[in-house]
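Below is the file work21.cif, which contains mmCIF, C-alpha atoms and all ligand atoms.
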```cif
data_target
loop_
_atom_site.label_atom_id
_atom_site.label_comp_id
_atom_site.auth_asym_id
_atom_site.auth_seq_id
_atom_site.Cartn_x
_atom_site.Cartn_y
_atom_site.Cartn_z
CA MET A 178 96.74 81.76 86.37
CA THR A 179 94.59 84.70 85.34
CA TYR A 180 91.10 84.95 83.95
CA SER A 181 90.00 87.37 81.27
CA ALA A 182 86.68 89.16 81.53
CA HIS A 183 85.49 86.81 78.81
CA ASP A 184 86.48 83.75 80.88
CA LEU A 185 84.62 85.12 83.87
CA ALA A 186 81.57 85.89 81.77
CA VAL A 187 81.54 82.27 80.64
CA ILE A 188 82.00 81.03 84.19
CA LEU A 189 79.25 83.21 85.58
CA ALA A 190 76.88 82.54 82.71
CA ALA A 191 77.17 78.87 83.58
CA SER A 192 76.08 79.59 87.12
CA PRO A 193 72.57 81.05 87.17
CA LEU A 194 72.23 80.34 90.84
CA MET A 195 74.96 82.81 91.73
CA LEU A 196 73.71 85.50 89.37
CA SER A 197 70.31 85.34 90.95
CA ILE A 198 71.66 86.06 94.43
CA SER A 199 73.23 89.45 95.05
CA LYS A 200 74.66 88.64 98.48
CA PRO A 201 74.82 84.88 98.75
CA ARG A 202 75.07 83.14 102.07
CA PRO A 203 78.01 80.76 102.60
CA GLU A 204 75.96 77.62 102.04
CA GLN A 205 74.51 79.09 98.85
CA LEU A 206 78.02 79.86 97.70
CA ARG A 207 79.19 76.37 98.45
CA ALA A 208 76.33 74.95 96.41
CA ALA A 209 77.12 77.32 93.57
CA ILE A 210 80.81 76.45 93.73
CA ALA A 211 80.06 72.73 93.68
CA GLN A 212 77.80 73.27 90.68
CA GLN A 213 80.51 75.35 89.06
CA ALA A 214 83.10 72.66 89.63
CA ARG A 215 80.88 70.28 87.65
CA ASN A 216 80.08 72.78 84.89
CA GLY A 217 83.25 74.76 84.41
CA GLY A 218 86.07 72.77 85.90
CA LEU A 219 87.76 73.04 89.23
CA ASP A 220 89.95 76.02 88.32
CA ALA A 221 86.92 78.06 87.44
CA ALA A 222 85.23 77.06 90.66
CA LEU A 223 88.31 77.99 92.64
CA ALA A 224 88.46 81.38 90.98
CA ILE A 225 84.91 82.12 92.03
CA CYS A 226 85.58 80.65 95.43
CA SER A 227 88.58 82.88 96.00
CA TYR A 228 86.55 86.04 95.44
CA ASP A 229 83.65 84.93 97.49
CA MET A 230 85.56 83.76 100.49
CA GLY A 231 87.47 87.02 100.48
CA ARG A 232 90.74 85.15 100.64
CA TYR A 233 92.03 86.75 97.50
CA PRO A 234 94.97 84.44 96.87
CA ASP A 235 97.78 84.58 94.32
CA ALA A 236 97.05 86.34 91.04
CA GLY A 237 93.99 87.96 92.59
CA ARG A 238 94.48 91.57 91.62
CA ARG A 239 94.20 91.19 87.88
CA ARG A 240 91.35 88.74 88.24
CA LEU A 241 89.51 91.16 90.47
CA ALA A 242 90.01 93.99 87.97
CA ALA A 243 88.58 91.72 85.27
CA ALA A 244 85.71 90.81 87.55
CA ARG A 245 84.94 94.46 88.25
CA ARG A 246 84.71 95.17 84.54
CA LEU A 247 82.48 92.18 84.19
CA VAL A 248 80.27 93.34 87.02
CA ALA A 249 79.86 96.67 85.27
CA GLN A 250 78.93 94.86 82.06
CA LEU A 251 76.47 92.53 83.72
CA GLY A 252 74.96 95.19 85.91
CA THR A 253 75.14 93.02 89.00
CA GLN A 254 76.42 93.70 92.46
CA TYR A 255 77.62 90.16 92.71
CA PHE A 256 81.20 90.92 93.69
CA GLN A 257 80.37 93.71 96.05
CA SER A 258 80.72 91.59 99.15
CA ALA A 259 84.14 90.35 98.07
CA GLU A 260 85.31 93.91 97.48
CA GLU A 261 84.12 94.94 100.88
CA GLU A 262 86.16 92.18 102.42
CA LEU A 263 89.24 93.44 100.63
CA ASP A 264 88.94 96.56 102.72
CA ASP A 265 89.12 94.36 105.78
CA PRO A 266 92.86 94.48 106.44
CA ARG A 267 95.20 92.27 108.38
CA ALA A 268 98.02 93.53 110.56
CA LEU A 269 101.57 92.37 110.99
CA THR A 270 103.75 93.06 114.00
CA VAL A 271 107.29 93.93 112.96
CA TYR A 272 110.08 94.73 115.41
CA GLN A 273 111.86 98.01 115.25
CA PRO A 274 113.84 99.24 113.42
CA PHE A 275 112.38 97.10 110.65
CA ALA A 276 108.87 98.55 111.03
CA ASP A 277 110.28 102.06 110.56
CA LEU A 278 112.33 100.89 107.59
CA ILE A 279 109.05 99.86 105.97
CA ALA A 280 107.13 102.98 106.99
CA TRP A 281 109.78 105.63 106.48
CA ALA A 282 112.47 104.11 104.27
CA ASP A 283 112.76 101.73 101.35
CA LYS A 284 112.15 98.32 102.90
CA ARG A 285 109.60 96.55 100.68
CA ILE A 286 110.42 92.98 101.65
CA GLU A 287 109.42 91.51 104.99
CA ASN A 288 111.29 88.35 105.99
CA ARG A 289 109.22 85.58 107.52
CA THR A 290 109.74 81.91 108.14
CA ARG A 291 106.27 81.21 106.74
CA ARG A 292 104.81 82.11 103.40
CA THR A 293 101.55 84.05 103.19
CA HIS A 294 98.62 83.72 100.84
CA TRP A 295 97.19 87.02 102.06
CA ARG A 296 96.94 89.64 99.33
CA GLY A 297 95.59 93.04 100.12
CA SER A 298 95.65 95.64 102.84
CA LEU A 299 98.12 95.26 105.65
CA LEU A 300 98.64 97.43 108.71
CA ILE A 301 102.26 97.67 109.80
CA HIS A 302 102.41 97.41 113.58
CA ALA A 303 105.68 98.31 115.29
CA GLY A 304 106.24 95.74 118.03
CA ARG A 305 107.35 96.52 121.53
CA GLN A 306 110.62 94.72 121.08
CA LEU A 307 113.74 96.07 119.50
CA ASP A 308 115.80 93.94 117.16
CA GLN A 309 119.41 94.62 118.10
CA SER A 310 121.04 92.33 115.57
CA PRO A 311 123.98 93.63 113.53
CA ILE A 312 121.89 93.64 110.34
CA ALA A 313 119.21 95.75 112.07
CA ARG A 314 121.86 98.26 113.14
CA GLU A 315 123.47 98.26 109.72
CA LEU A 316 120.23 98.85 107.80
CA SER A 317 119.09 101.66 110.08
CA ALA A 318 122.50 103.34 110.47
CA GLY A 319 122.48 107.02 109.64
CA ARG A 320 118.71 107.24 109.33
CA ALA A 321 116.53 109.40 111.54
CA LEU A 322 113.70 107.00 112.31
CA PRO A 323 110.91 107.77 114.81
CA GLY A 324 111.29 104.44 116.59
CA VAL A 325 107.73 104.28 117.90
CA GLN A 326 107.00 100.95 119.59
CA GLY A 327 103.66 99.31 120.32
CA ALA A 328 101.62 101.07 117.64
CA ILE A 329 100.28 100.78 114.12
CA ILE A 330 102.47 103.12 112.11
CA ALA A 331 101.67 102.55 108.43
CA THR A 332 99.37 100.96 105.92
CA ALA A 333 100.60 98.80 103.06
CA ARG A 334 99.54 96.09 100.69
CA VAL A 335 100.85 92.56 100.38
CA VAL A 336 101.28 92.02 96.64
CA GLY A 337 103.28 88.79 96.52
CA CYS A 338 105.38 86.27 98.37
CA HIS A 339 108.34 84.20 97.25
CA ARG A 340 111.07 82.14 98.83
CA ALA A 341 114.51 83.74 98.92
CA GLN A 342 116.50 82.58 95.93
CA GLN A 343 120.03 82.79 94.63
CA ASP A 344 121.08 83.66 91.11
CA THR A 345 123.80 81.74 89.26
CA THR A 346 126.51 83.83 90.92
CA GLY A 347 125.21 82.93 94.37
CA ARG A 348 123.76 86.36 95.07
CA TRP A 349 120.52 86.35 97.04
CA CYS A 350 117.44 88.22 95.84
CA CYS A 351 115.93 91.39 97.30
CA GLN A 352 119.11 92.84 98.77
CA PRO A 353 119.65 94.45 101.19
CA HIS A 354 116.28 93.96 102.88
CA GLY A 355 115.57 90.37 101.91
CA PHE A 356 117.40 87.77 103.97
CA PRO A 357 118.57 84.39 102.68
CA LEU A 358 116.41 81.33 103.43
CA PHE A 359 113.32 83.29 104.48
CA TRP A 360 110.04 83.81 102.71
CA HIS A 361 109.98 87.28 101.20
CA TRP A 362 106.62 89.00 101.64
CA GLU A 363 106.38 91.68 98.95
CA LEU A 364 104.96 94.99 100.16
CA ALA A 365 103.71 97.95 98.14
CA ASP A 366 101.72 101.18 98.51
CA ILE A 367 103.32 102.04 101.84
CA CYS A 368 101.60 104.93 103.54
CA PRO A 369 102.95 106.02 106.94
CA LEU A 370 100.35 107.27 109.39
CA ALA A 371 100.66 110.89 110.48
CA ARG A 372 100.06 109.72 114.05
CA PRO A 373 100.73 106.22 115.43
CA VAL A 374 97.75 104.23 116.68
CA PRO A 375 98.67 102.39 119.92
CA ALA A 376 98.07 98.66 119.76
CA ILE A 377 99.35 95.47 121.30
CA GLY A 378 100.69 93.23 118.60
CA GLU A 379 100.22 89.56 117.94
CA ARG A 380 102.08 86.76 116.26
CA ASN A 381 101.59 86.07 112.56
CA LEU A 382 98.94 87.92 110.62
CA TRP A 383 96.27 89.31 112.91
CA LYS A 384 92.96 90.95 112.48
CA PRO A 385 92.77 94.48 113.89
CA LYS A 386 89.93 95.20 116.28
CA PRO A 387 87.15 97.49 115.00
CA GLN A 388 88.22 100.33 117.28
CA GLN A 389 91.84 100.06 116.08
CA LEU A 390 90.66 100.15 112.49
CA ALA A 391 88.46 103.14 113.24
CA ALA A 392 91.42 104.92 114.81
CA VAL A 393 93.58 104.22 111.75
CA ARG A 394 90.85 105.52 109.43
CA ALA A 395 90.45 108.65 111.57
CA VAL A 396 94.18 109.38 111.27
CA GLN A 397 94.04 108.75 107.52
CA ALA A 398 91.13 111.17 107.25
CA GLY A 399 93.17 113.81 109.06
CA ALA A 400 91.11 113.75 112.25
ZN ZN B 501 113.40 87.87 97.36
#
```
Turn the structure described in the file into structure tokens.
Amino acid sequence: MTYSAHDLAVILAASPLMLSISKPRPEQLRAAIAQQARNGGLDAALAICSYDMGRYPDAGRRRLAAARRLVAQLGTQYFQSAEEELDDPRALTVYQPFADLIAWADKRIENRTRRTHWRGSLLIHAGRQLDQSPIARELSAGRALPGVQGAIIATARVVGCHRAQQDTTGRWCCQPHGFPLFWHWELADICPLARPVPAIGERNLWKPKPQQLAAVRAVQAGA
């Protein structure tokens, strides 16, 4: 589901409350969304909702690009807060050697038992545990990988997520990095950090602390 700039113009035009508020508070947004659900249908309301809550779910990138164009046309800062939130990354702890295979090699699929609706910036955190499974050894064989543990080592983006699937010949998708039966988180724009930023990891997606984020930005800026 994507929305053209024209669709968004229609949606926003039907919502004078939102256009009159440059940085709406959550309760104002909820009121606007409820109004929008009545005026423009639930899909339209959800599209607005997804920007405003910063959750940025499936199909978000193209919609956001359309929204940015629309913002330029309308001369409003309406989406500014949503864009700011997109720069608010999440982090994912990945055991070595898989974290290094993302940061320094060609792994663009992360295998998880749960799907994710997160789309946007992701910090790759190398966990303090080592995965010693045969597949881990096989995929890292012959590669000179730094092997740093307990640190944020790269930035990335989550651009999609799908369940592992087989083609008609029984071959599984995303070989060799995607594993059968898992959810495949699709990563892009991998950028290894010149210097690892020490951090204790967490389960699932986690929100980096302000000082960790500042440290990552300092490394990115060449400090
Ligand atoms: Zn796959």
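Coordinates place atom CA of Thr270 of chain A at a distance of 7.8 Å from atom CA of Leu382 of chain A.
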Listing only residues of chain A within 9 Å of ligand ZN 501 (chain B), what is the closest atom pair and its distance in Å (to one decimal) for each, using only C-alpha atoms and all ligand atoms, sorted by chain and residue number ascending, as a tab-separated table?
```
residue	atom	partner	partner_atom	distance
A:Ile286	CA	B:ZN501	ZN	7.3
A:Asn288	CA	B:ZN501	ZN	8.9
A:Cys338	CA	B:ZN501	ZN	8.2
A:His339	CA	B:ZN501	ZN	6.3
A:Arg340	CA	B:ZN501	ZN	6.4
A:Ala341	CA	B:ZN501	ZN	4.6
A:Gln342	CA	B:ZN501	ZN	6.3
A:Gln343	CA	B:ZN501	ZN	8.8
A:Trp349	CA	B:ZN501	ZN	7.3
A:Cys350	CA	B:ZN501	ZN	4.3
A:Cys351	CA	B:ZN501	ZN	4.3
A:Gln352	CA	B:ZN501	ZN	7.7
A:His354	CA	B:ZN501	ZN	8.7
A:Gly355	CA	B:ZN501	ZN	5.6
A:Phe356	CA	B:ZN501	ZN	7.7
A:Pro357	CA	B:ZN501	ZN	8.2
A:Phe359	CA	B:ZN501	ZN	8.5
A:Trp360	CA	B:ZN501	ZN	7.5
A:His361	CA	B:ZN501	ZN	5.2
A:Trp362	CA	B:ZN501	ZN	8.1
A:Glu363	CA	B:ZN501	ZN	8.1
```
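From atom CA of Asp308 of chain A back to atom CA of Lys386 of chain A, the distance works out to 25.9 Å.
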| With only C-alpha atoms as the basis for distance, which of A:Thr346, A:Ser310, A:Thr332, A:Asn381 is at the shortest distance from Ala280 of chain A? | A:Thr332
| Residue neighbourhood segment 289-305 of chain A, 8 Å, only C-alpha atoms, exclusion window fewer than 3 positions, as a ChimeraX atom specification | /A:232-235,237,263-273,276-277,280,325-340,359-362,376-378
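Neighbourhood of point (94.0, 112.0, 108.6): residues with an atom at most 12 Å away, counting all atoms listed in the file, are Cys368, Pro369, Leu370, Ala371, Arg372, Pro373, Val374, Ala391, Ala392, Val393, Arg394, Ala395, Val396, Gln397, Ala398, Gly399 and Ala400 of chain A.
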| task | Rounded to one decimal place, report the atom CA of Ala313 of chain A-atom CA of Phe275 of chain A distance in Å. | result | 7.1 Å
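Within 9 Å of the point (118.4, 103.3, 105.8), counting all atoms listed in the file, the protein and nucleic acid residues come to Leu278, Trp281, Ala282, Asp283, Lys284, Glu315, Leu316, Ser317, Ala318, Gly319, Arg320, Ala321 and Leu322 of chain A.
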Segment 341-359 of chain A rebuilt with N, CA and C atoms, output as a tab-separated table (two decimals), in the frame of the given file:
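Below is the file that was written, result.tsv:
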```tsv
chain	number	residue	atom	x	y	z
A	341	ALA	N	113.22	83.15	99.28
A	341	ALA	CA	114.51	83.74	98.92
A	341	ALA	C	115.25	82.81	97.96
A	342	GLN	N	115.81	83.41	96.93
A	342	GLN	CA	116.50	82.58	95.93
A	342	GLN	C	117.83	83.21	95.54
A	343	GLN	N	118.70	82.35	95.05
A	343	GLN	CA	120.03	82.79	94.63
A	343	GLN	C	120.12	82.75	93.12
A	344	ASP	N	120.84	83.74	92.55
A	344	ASP	CA	121.08	83.66	91.11
A	344	ASP	C	122.31	82.78	90.86
A	345	THR	N	122.73	82.68	89.61
A	345	THR	CA	123.80	81.74	89.26
A	345	THR	C	125.14	82.13	89.88
A	346	THR	N	125.26	83.41	90.29
A	346	THR	CA	126.51	83.83	90.92
A	346	THR	C	126.44	83.65	92.44
A	347	GLY	N	125.32	83.15	92.93
A	347	GLY	CA	125.21	82.93	94.37
A	347	GLY	C	124.66	84.12	95.13
A	348	ARG	N	124.30	85.17	94.42
A	348	ARG	CA	123.76	86.36	95.07
A	348	ARG	C	122.29	86.15	95.40
A	349	TRP	N	121.92	86.53	96.61
A	349	TRP	CA	120.52	86.35	97.04
A	349	TRP	C	119.66	87.50	96.54
A	350	CYS	N	118.39	87.22	96.35
A	350	CYS	CA	117.44	88.22	95.84
A	350	CYS	C	117.12	89.27	96.91
A	351	CYS	N	116.53	90.37	96.43
A	351	CYS	CA	115.93	91.39	97.30
A	351	CYS	C	116.91	92.02	98.30
A	352	GLN	N	118.14	92.18	97.90
A	352	GLN	CA	119.11	92.84	98.77
A	352	GLN	C	118.83	94.34	98.85
A	353	PRO	N	119.10	95.01	99.95
A	353	PRO	CA	119.65	94.45	101.19
A	353	PRO	C	118.58	93.98	102.18
A	354	HIS	N	117.30	94.20	101.85
A	354	HIS	CA	116.28	93.96	102.88
A	354	HIS	C	115.81	92.51	102.97
A	355	GLY	N	115.96	91.77	101.87
A	355	GLY	CA	115.57	90.37	101.91
A	355	GLY	C	116.70	89.52	102.45
A	356	PHE	N	116.38	88.63	103.36
A	356	PHE	CA	117.40	87.77	103.97
A	356	PHE	C	117.37	86.39	103.31
A	357	PRO	N	118.54	85.75	103.22
A	357	PRO	CA	118.57	84.39	102.68
A	357	PRO	C	117.69	83.43	103.49
A	358	LEU	N	117.14	82.45	102.83
A	358	LEU	CA	116.41	81.33	103.43
A	358	LEU	C	115.00	81.65	103.92
A	359	PHE	N	114.66	82.92	104.00
A	359	PHE	CA	113.32	83.29	104.48
A	359	PHE	C	112.33	83.32	103.31
```
